[in-house]
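Student: For reference, the file upload-v1.csv (CSV, C-alpha atoms (C1' of nucleotides)) is included below:
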```csv
chain,number,residue,atom,x,y,z
A,1,MET,CA,0.2,3.8,26.4
A,2,ALA,CA,2.2,6.5,24.5
A,3,PRO,CA,4.5,6.0,21.5
A,4,LYS,CA,7.0,3.7,23.3
A,5,ARG,CA,10.5,4.3,22.0
A,6,GLY,CA,13.3,1.8,22.7
A,7,LYS,CA,12.4,-1.7,21.9
A,8,ALA,CA,15.3,-3.7,20.6
A,9,LYS,CA,17.6,-5.7,22.8
A,10,VAL,CA,15.1,-7.2,25.3
A,11,ALA,CA,15.1,-10.8,24.4
A,12,PRO,CA,18.3,-12.8,23.9
A,13,GLU,CA,19.6,-11.6,27.2
A,14,THR,CA,19.8,-15.0,28.9
A,15,GLU,CA,22.4,-16.5,26.8
A,16,SER,CA,24.2,-15.7,23.6
A,17,GLY,CA,26.7,-17.2,21.3
A,18,ASP,CA,25.9,-20.8,21.6
A,19,ASP,CA,22.2,-20.8,21.6
A,20,SER,CA,22.3,-18.0,19.0
A,21,ASP,CA,21.9,-20.7,16.4
A,22,GLU,CA,18.8,-21.9,18.0
A,23,TYR,CA,17.5,-18.4,18.4
A,24,ARG,CA,17.9,-17.6,14.8
A,25,LYS,CA,16.3,-20.8,13.7
A,26,LYS,CA,13.3,-19.9,15.9
A,27,ARG,CA,13.2,-16.4,14.5
A,28,ASP,CA,13.4,-17.6,10.9
A,29,ARG,CA,10.6,-20.1,11.5
A,30,ASN,CA,8.5,-17.4,13.1
A,31,ASN,CA,9.1,-15.0,10.3
A,32,LEU,CA,7.9,-17.6,7.8
A,33,ALA,CA,4.9,-18.2,10.0
A,34,VAL,CA,4.1,-14.5,10.1
A,35,LYS,CA,4.4,-14.3,6.4
A,36,ARG,CA,2.0,-17.2,5.9
A,37,SER,CA,-0.4,-15.8,8.4
A,38,ARG,CA,-0.5,-12.4,6.7
A,39,ILE,CA,-1.0,-13.9,3.2
A,40,LYS,CA,-3.9,-15.9,4.6
A,41,SER,CA,-5.4,-12.8,6.2
A,42,LYS,CA,-5.2,-10.8,3.0
A,43,GLN,CA,-6.8,-13.6,1.1
A,44,LYS,CA,-9.7,-13.7,3.5
A,45,THR,CA,-10.2,-10.0,3.2
A,46,GLN,CA,-10.2,-10.2,-0.5
A,47,GLU,CA,-12.7,-13.0,-0.4
A,48,THR,CA,-15.0,-10.9,1.7
A,49,VAL,CA,-14.7,-8.1,-0.8
A,50,ASN,CA,-15.6,-10.5,-3.6
A,51,ARG,CA,-18.5,-11.8,-1.6
A,52,VAL,CA,-19.9,-8.3,-1.4
A,53,THR,CA,-19.7,-8.0,-5.2
A,54,GLN,CA,-21.4,-11.3,-5.6
A,55,LEU,CA,-24.2,-10.5,-3.2
A,56,LYS,CA,-24.8,-7.1,-4.8
A,57,SER,CA,-25.2,-8.9,-8.1
A,58,GLU,CA,-27.6,-11.5,-6.7
A,59,ASN,CA,-29.6,-8.7,-5.1
A,60,THR,CA,-30.0,-6.9,-8.3
A,61,VAL,CA,-31.3,-10.0,-10.0
A,62,LEU,CA,-33.8,-10.6,-7.2
A,63,GLU,CA,-35.0,-7.0,-7.2
A,64,GLU,CA,-35.6,-7.4,-10.9
A,65,LYS,CA,-37.6,-10.5,-10.3
A,66,VAL,CA,-39.7,-8.8,-7.7
A,67,LYS,CA,-40.3,-6.0,-10.0
A,68,ASN,CA,-41.5,-8.2,-12.8
A,69,LEU,CA,-43.6,-10.4,-10.6
A,70,THR,CA,-45.2,-7.5,-9.0
A,71,LYS,CA,-46.0,-6.0,-12.4
A,72,GLU,CA,-47.5,-9.1,-13.7
A,73,LEU,CA,-49.4,-9.7,-10.6
A,74,GLY,CA,-50.8,-6.2,-10.7
A,75,PHE,CA,-51.9,-6.8,-14.3
A,76,LEU,CA,-53.7,-10.0,-13.5
A,77,LYS,CA,-55.4,-8.5,-10.5
A,78,GLU,CA,-56.7,-5.7,-12.6
A,79,LEU,CA,-58.0,-8.0,-15.2
A,80,PHE,CA,-59.5,-10.1,-12.5
A,81,LEU,CA,-61.4,-7.3,-10.8
A,82,ALA,CA,-62.4,-5.7,-14.1
A,83,HIS,CA,-64.0,-8.9,-15.3
A,84,ALA,CA,-65.7,-9.7,-12.0
A,85,GLY,CA,-67.0,-6.1,-11.8
A,86,SER,CA,-68.2,-5.4,-15.4
A,87,ALA,CA,-69.9,-8.8,-15.7
A,88,GLY,CA,-71.7,-8.1,-12.5
A,89,ASP,CA,-71.1,-11.6,-11.3
A,90,ALA,CA,-68.4,-11.8,-8.6
A,91,SER,CA,-69.9,-15.1,-7.6
A,92,LYS,CA,-68.3,-16.9,-10.6
A,93,PHE,CA,-65.3,-17.5,-8.4
A,94,GLU,CA,-67.2,-19.4,-5.8
A,95,GLY,CA,-67.2,-16.9,-3.0
A,96,ILE,CA,-63.4,-16.3,-3.1
A,97,ASP,CA,-62.5,-13.3,-1.0
A,98,LEU,CA,-61.0,-11.2,-3.7
A,99,GLN,CA,-60.3,-8.3,-1.4
A,100,LYS,CA,-58.0,-10.4,0.7
A,101,LEU,CA,-56.5,-12.4,-2.2
A,102,LEU,CA,-55.8,-9.3,-4.2
A,103,SER,CA,-54.2,-7.3,-1.5
A,104,ASP,CA,-50.5,-7.7,-1.4
A,105,PRO,CA,-49.0,-10.4,0.8
A,106,SER,CA,-45.7,-10.1,-0.9
A,107,ASP,CA,-44.0,-7.9,1.7
A,108,GLY,CA,-43.5,-10.7,4.0
A,109,ALA,CA,-46.1,-9.6,6.6
A,110,SER,CA,-47.4,-13.1,7.0
A,111,THR,CA,-46.5,-15.6,9.7
A,112,SER,CA,-47.7,-18.5,7.7
A,113,ASN,CA,-44.9,-20.2,5.9
A,114,SER,CA,-45.0,-23.7,4.4
B,1,MET,CA,14.5,-12.8,-1.8
B,2,ALA,CA,14.8,-15.4,1.0
B,3,PRO,CA,14.3,-14.9,4.7
B,4,LYS,CA,16.7,-12.0,5.1
B,5,ARG,CA,18.4,-11.8,8.4
B,6,GLY,CA,20.3,-8.9,9.7
B,7,LYS,CA,18.3,-5.7,9.4
B,8,ALA,CA,18.9,-3.3,12.3
B,9,LYS,CA,21.4,-0.5,12.2
B,10,VAL,CA,21.1,0.6,8.6
B,11,ALA,CA,19.6,3.9,8.9
B,12,PRO,CA,21.0,6.8,11.1
B,13,GLU,CA,24.4,6.2,9.7
B,14,THR,CA,24.9,9.6,8.2
B,15,GLU,CA,24.9,11.7,11.4
B,16,SER,CA,24.1,11.0,15.0
B,17,GLY,CA,23.8,12.9,18.2
B,18,ASP,CA,22.7,16.2,16.8
B,19,ASP,CA,20.1,15.2,14.3
B,20,SER,CA,19.1,12.4,16.5
B,21,ASP,CA,16.4,14.6,17.9
B,22,GLU,CA,15.1,15.2,14.5
B,23,TYR,CA,15.3,11.6,13.6
B,24,ARG,CA,13.3,10.5,16.6
B,25,LYS,CA,10.7,13.2,16.0
B,26,LYS,CA,10.3,11.8,12.5
B,27,ARG,CA,10.1,8.2,13.7
B,28,ASP,CA,7.5,9.1,16.3
B,29,ARG,CA,5.4,10.9,13.8
B,30,ASN,CA,5.6,8.1,11.4
B,31,ASN,CA,4.7,5.6,14.0
B,32,LEU,CA,1.6,7.6,14.7
B,33,ALA,CA,0.8,7.7,11.0
B,34,VAL,CA,1.2,4.0,10.8
B,35,LYS,CA,-1.1,3.5,13.7
B,36,ARG,CA,-3.7,5.7,12.2
B,37,SER,CA,-3.4,4.0,8.9
B,38,ARG,CA,-3.8,0.6,10.4
B,39,ILE,CA,-6.8,1.6,12.4
B,40,LYS,CA,-8.4,2.9,9.3
B,41,SER,CA,-7.6,-0.3,7.4
B,42,LYS,CA,-9.2,-2.4,10.0
B,43,GLN,CA,-12.2,-0.3,10.1
B,44,LYS,CA,-12.6,-0.7,6.3
B,45,THR,CA,-12.3,-4.4,6.6
B,46,GLN,CA,-14.9,-4.5,9.3
B,47,GLU,CA,-17.2,-2.4,7.3
B,48,THR,CA,-16.9,-4.8,4.4
B,49,VAL,CA,-17.7,-7.7,6.7
B,50,ASN,CA,-20.8,-5.8,8.0
B,51,ARG,CA,-21.8,-5.1,4.4
B,52,VAL,CA,-21.8,-8.8,3.7
B,53,THR,CA,-24.1,-9.4,6.7
B,54,GLN,CA,-26.4,-6.6,5.5
B,55,LEU,CA,-26.6,-7.9,2.0
B,56,LYS,CA,-27.3,-11.4,3.1
B,57,SER,CA,-30.2,-10.1,5.1
B,58,GLU,CA,-31.6,-8.1,2.2
B,59,ASN,CA,-31.2,-11.1,0.0
B,60,THR,CA,-33.2,-13.3,2.4
B,61,VAL,CA,-36.0,-10.7,2.4
B,62,LEU,CA,-36.0,-10.5,-1.4
B,63,GLU,CA,-36.1,-14.2,-1.8
B,64,GLU,CA,-39.0,-14.4,0.6
B,65,LYS,CA,-40.8,-11.8,-1.5
B,66,VAL,CA,-40.1,-13.7,-4.7
B,67,LYS,CA,-41.4,-16.8,-3.1
B,68,ASN,CA,-44.7,-15.2,-2.0
B,69,LEU,CA,-45.2,-13.3,-5.2
B,70,THR,CA,-44.6,-16.5,-7.2
B,71,LYS,CA,-47.0,-18.4,-5.0
B,72,GLU,CA,-49.8,-15.8,-5.3
B,73,LEU,CA,-49.2,-15.5,-9.0
B,74,GLY,CA,-49.5,-19.2,-9.5
B,75,PHE,CA,-52.7,-19.3,-7.6
B,76,LEU,CA,-54.2,-16.5,-9.7
B,77,LYS,CA,-53.1,-18.2,-12.9
B,78,GLU,CA,-54.7,-21.4,-11.9
B,79,LEU,CA,-57.9,-19.7,-11.1
B,80,PHE,CA,-57.7,-17.8,-14.3
B,81,LEU,CA,-57.2,-20.9,-16.5
B,82,ALA,CA,-59.7,-23.0,-14.7
B,83,HIS,CA,-62.4,-20.4,-15.2
B,84,ALA,CA,-61.5,-19.8,-18.8
B,85,GLY,CA,-61.4,-23.5,-19.5
B,86,SER,CA,-64.5,-24.8,-17.6
B,87,ALA,CA,-66.7,-22.0,-18.9
B,88,GLY,CA,-65.5,-22.6,-22.4
B,89,ASP,CA,-65.2,-19.0,-23.1
B,90,ALA,CA,-61.6,-17.9,-23.3
B,91,SER,CA,-62.8,-14.9,-25.3
B,92,LYS,CA,-64.1,-13.2,-22.3
B,93,PHE,CA,-60.8,-11.5,-21.8
B,94,GLU,CA,-60.8,-9.9,-25.2
B,95,GLY,CA,-58.3,-12.0,-27.0
B,96,ILE,CA,-55.6,-11.8,-24.4
B,97,ASP,CA,-52.8,-14.2,-25.0
B,98,LEU,CA,-53.1,-16.2,-21.9
B,99,GLN,CA,-50.4,-18.6,-22.8
B,100,LYS,CA,-47.9,-15.8,-23.0
B,101,LEU,CA,-49.3,-13.9,-20.1
B,102,LEU,CA,-49.3,-16.8,-17.9
B,103,SER,CA,-46.0,-18.1,-18.7
B,104,ASP,CA,-43.3,-16.8,-16.4
B,105,PRO,CA,-41.4,-13.7,-17.3
B,106,SER,CA,-40.1,-13.3,-13.7
B,107,ASP,CA,-36.8,-14.9,-14.4
B,108,GLY,CA,-35.5,-11.9,-16.2
B,109,ALA,CA,-35.1,-13.6,-19.6
B,110,SER,CA,-36.5,-10.5,-21.3
B,111,THR,CA,-34.6,-7.7,-22.9
B,112,SER,CA,-37.6,-5.4,-22.9
B,113,ASN,CA,-38.0,-3.4,-19.8
B,114,SER,CA,-40.1,-0.4,-19.4
C,1,DC,C1',7.1,-28.1,27.2
C,2,DT,C1',7.6,-27.3,21.9
C,3,DT,C1',6.0,-25.4,17.8
C,4,DA,C1',2.9,-22.8,14.7
C,5,DA,C1',-0.4,-19.0,14.3
C,6,DT,C1',-1.8,-14.3,15.6
C,7,DT,C1',-1.2,-9.8,16.8
C,8,DG,C1',0.8,-5.2,18.2
C,9,DC,C1',4.5,-2.5,17.3
C,10,DG,C1',8.5,-0.1,15.3
C,11,DC,C1',11.6,0.7,11.1
C,12,DA,C1',12.4,2.0,6.6
C,13,DA,C1',11.2,2.3,1.8
C,14,DT,C1',8.0,4.2,-1.1
C,15,DG,C1',3.8,6.5,-2.8
C,16,DG,C1',1.5,10.8,-3.1
D,1,DT,C1',9.0,18.1,3.4
D,2,DC,C1',5.0,15.9,5.4
D,3,DC,C1',1.7,12.2,5.9
D,4,DA,C1',0.0,7.6,4.3
D,5,DT,C1',0.8,3.0,3.0
D,6,DT,C1',3.1,-1.3,2.9
D,7,DG,C1',6.6,-5.1,3.4
D,8,DC,C1',9.3,-6.9,6.9
D,9,DG,C1',11.3,-8.5,11.4
D,10,DC,C1',10.9,-8.9,16.6
D,11,DA,C1',8.6,-10.4,20.6
D,12,DA,C1',4.6,-11.4,23.3
D,13,DT,C1',0.5,-14.1,23.4
D,14,DT,C1',-2.6,-17.6,22.0
D,15,DA,C1',-3.7,-22.0,20.2
D,16,DA,C1',-2.5,-26.7,19.0
```
Can you turn what I pasted into structure tokens?
Tutor:
Amino acid sequence: MAPKRGKAKVAPETESGDDSDEYRKKRDRNNLAVKRSRIKSKQKTQETVNRVTQLKSENTVLEEKVKNLTKELGFLKELFLAHAGSAGDASKFEGIDLQKLLSDPSDGASTSNS
Amino acid sequence: MAPKRGKAKVAPETESGDDSDEYRKKRDRNNLAVKRSRIKSKQKTQETVNRVTQLKSENTVLEEKVKNLTKELGFLKELFLAHAGSAGDASKFEGIDLQKLLSDPSDGASTSNS
DNA sequence: CTTAATTGCGCAATGG
DNA sequence: TCCATTGCGCAATTAA
């Protein structure tokens, strides 16, 4: 539908003069409702924007955690393997499958969750 | 400023008839601009909403990672301490400060990052 | 049916 | 001067 010019004078055609009071009251009420609705809408939008900021922040923290945990884990694994290897006794850990244990399950490839 | 009734007929008061053409052209162009602007605005809002969804998702993945890493780390630490303790030789790891190493630096309490 | 909330739209003021 | 943005009112539609 193109631009659409003329628009006014299409409503209070039925009656006028007497019910004009009623008409205005209705219009005023609606205008207030519109105002309320738009304020509410803007608030919601703003909250969404804030939520993005908050989530970004949480994400940064979590990424830092993952980084640190991964680093520490890598360190322990190295130490683990070095010890088991140099001492020539991998059996000290009672047949634990180090290969599997020391691979990296941290990328959520598992289906087994508690 | 309260409700504010009457509003129409306050603009093309200067001239009329001749420049009416120009007036309408202007109005039409502005109406298009308004439409464009509002579409753009809605798109931006929608993108923000989508961003929230995306970030929530990323967050879930990261939390899962932290959970898995923490679990694995805990397991390795236990194994580590058990071995060092039962065998009575904590020195096998060349004086490494297990207390410090095995505490948990994953909660970003440190100021020293590589 | 009555009222409040939403929504699309045009007008005008204002920003750039 | 032109276009973009924004506050505001009107009316149609939707939801209570």
Student: One decimal, in Å: what's the spacing between CA of Lys67 in chain A and CA of Arg51 in chain A?
Tutor: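 Result for CA of Lys67 in chain A versus CA of Arg51 in chain A: 24.1 Å, one decimal.
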Student: In Å, how far is it from CA of Leu76 in chain A to CA of Glu64 in chain A?
Tutor: 18.5 Å
Student: Just to confirm, what's the straight-line distance from CA of Val49 in chain B to CA of Gln54 in chain A in Å (one decimal)?
Tutor: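 CA of Val49 in chain B sits 13.3 Å away from CA of Gln54 in chain A.
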Student: With a cut-off of 8 Å and counting only C-alpha atoms, select all residues of chain A in contact with chain B and give the selection as a ChimeraX atom specification.
Tutor: /A:3,28,31-32,45,48-49,51-52,55-56,58-59,61-66,68-70,73,76,79,83,93,105-108
Student: Give as a VMD selection string every residue, naming chains and numbers as the document does, that has an atom within 12 Å of (2.5, 13.3, 4.8), counting all atoms listed in the file.
Tutor: (chain B and resid 26 29 to 30 32 to 34 37) or (chain C and resid 15 to 16) or (chain D and resid 1 to 5)
Student: Sorted by chain and rising residue number, which residues of chain C lie within 8 Å of chain A, and what are their closest atom pairs and distances in Å to one decimal, counting all atoms listed in the file, as CSV?
Tutor:
```
residue,atom,partner,partner_atom,distance
C:DA4,C1',A:Ala33,CA,6.9
C:DA5,C1',A:Ser37,CA,6.7
C:DT6,C1',A:Ser37,CA,7.5
C:DG10,C1',A:Lys7,CA,7.8
```
Student: Generate a file of the selected residues that holds C-alpha atoms (C1' of nucleotides), formatted as a PDB file, in the frame of the given file.
Tutor:
```pdb
ATOM      1  C1'  DA C   4       2.900 -22.800  14.700  1.00  0.00           C
ATOM      2  C1'  DA C   5      -0.400 -19.000  14.300  1.00  0.00           C
ATOM      3  C1'  DT C   6      -1.800 -14.300  15.600  1.00  0.00           C
ATOM      4  C1'  DG C  10       8.500  -0.100  15.300  1.00  0.00           C
TER       5       DG C  10
END
```
Student: Using all atoms listed in the file and a cut-off of 9 Å, which residues of chain D sit close to chain A? Please list them as a PDB file with C-alpha atoms (C1' of nucleotides), keeping the file's coordinate frame.
Tutor:
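After the write, selection36.pdb holds the following:
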```
ATOM      1  C1'  DC D   8       9.300  -6.900   6.900  1.00  0.00           C
ATOM      2  C1'  DG D   9      11.300  -8.500  11.400  1.00  0.00           C
ATOM      3  C1'  DC D  10      10.900  -8.900  16.600  1.00  0.00           C
ATOM      4  C1'  DA D  11       8.600 -10.400  20.600  1.00  0.00           C
TER       5       DA D  11
END
```
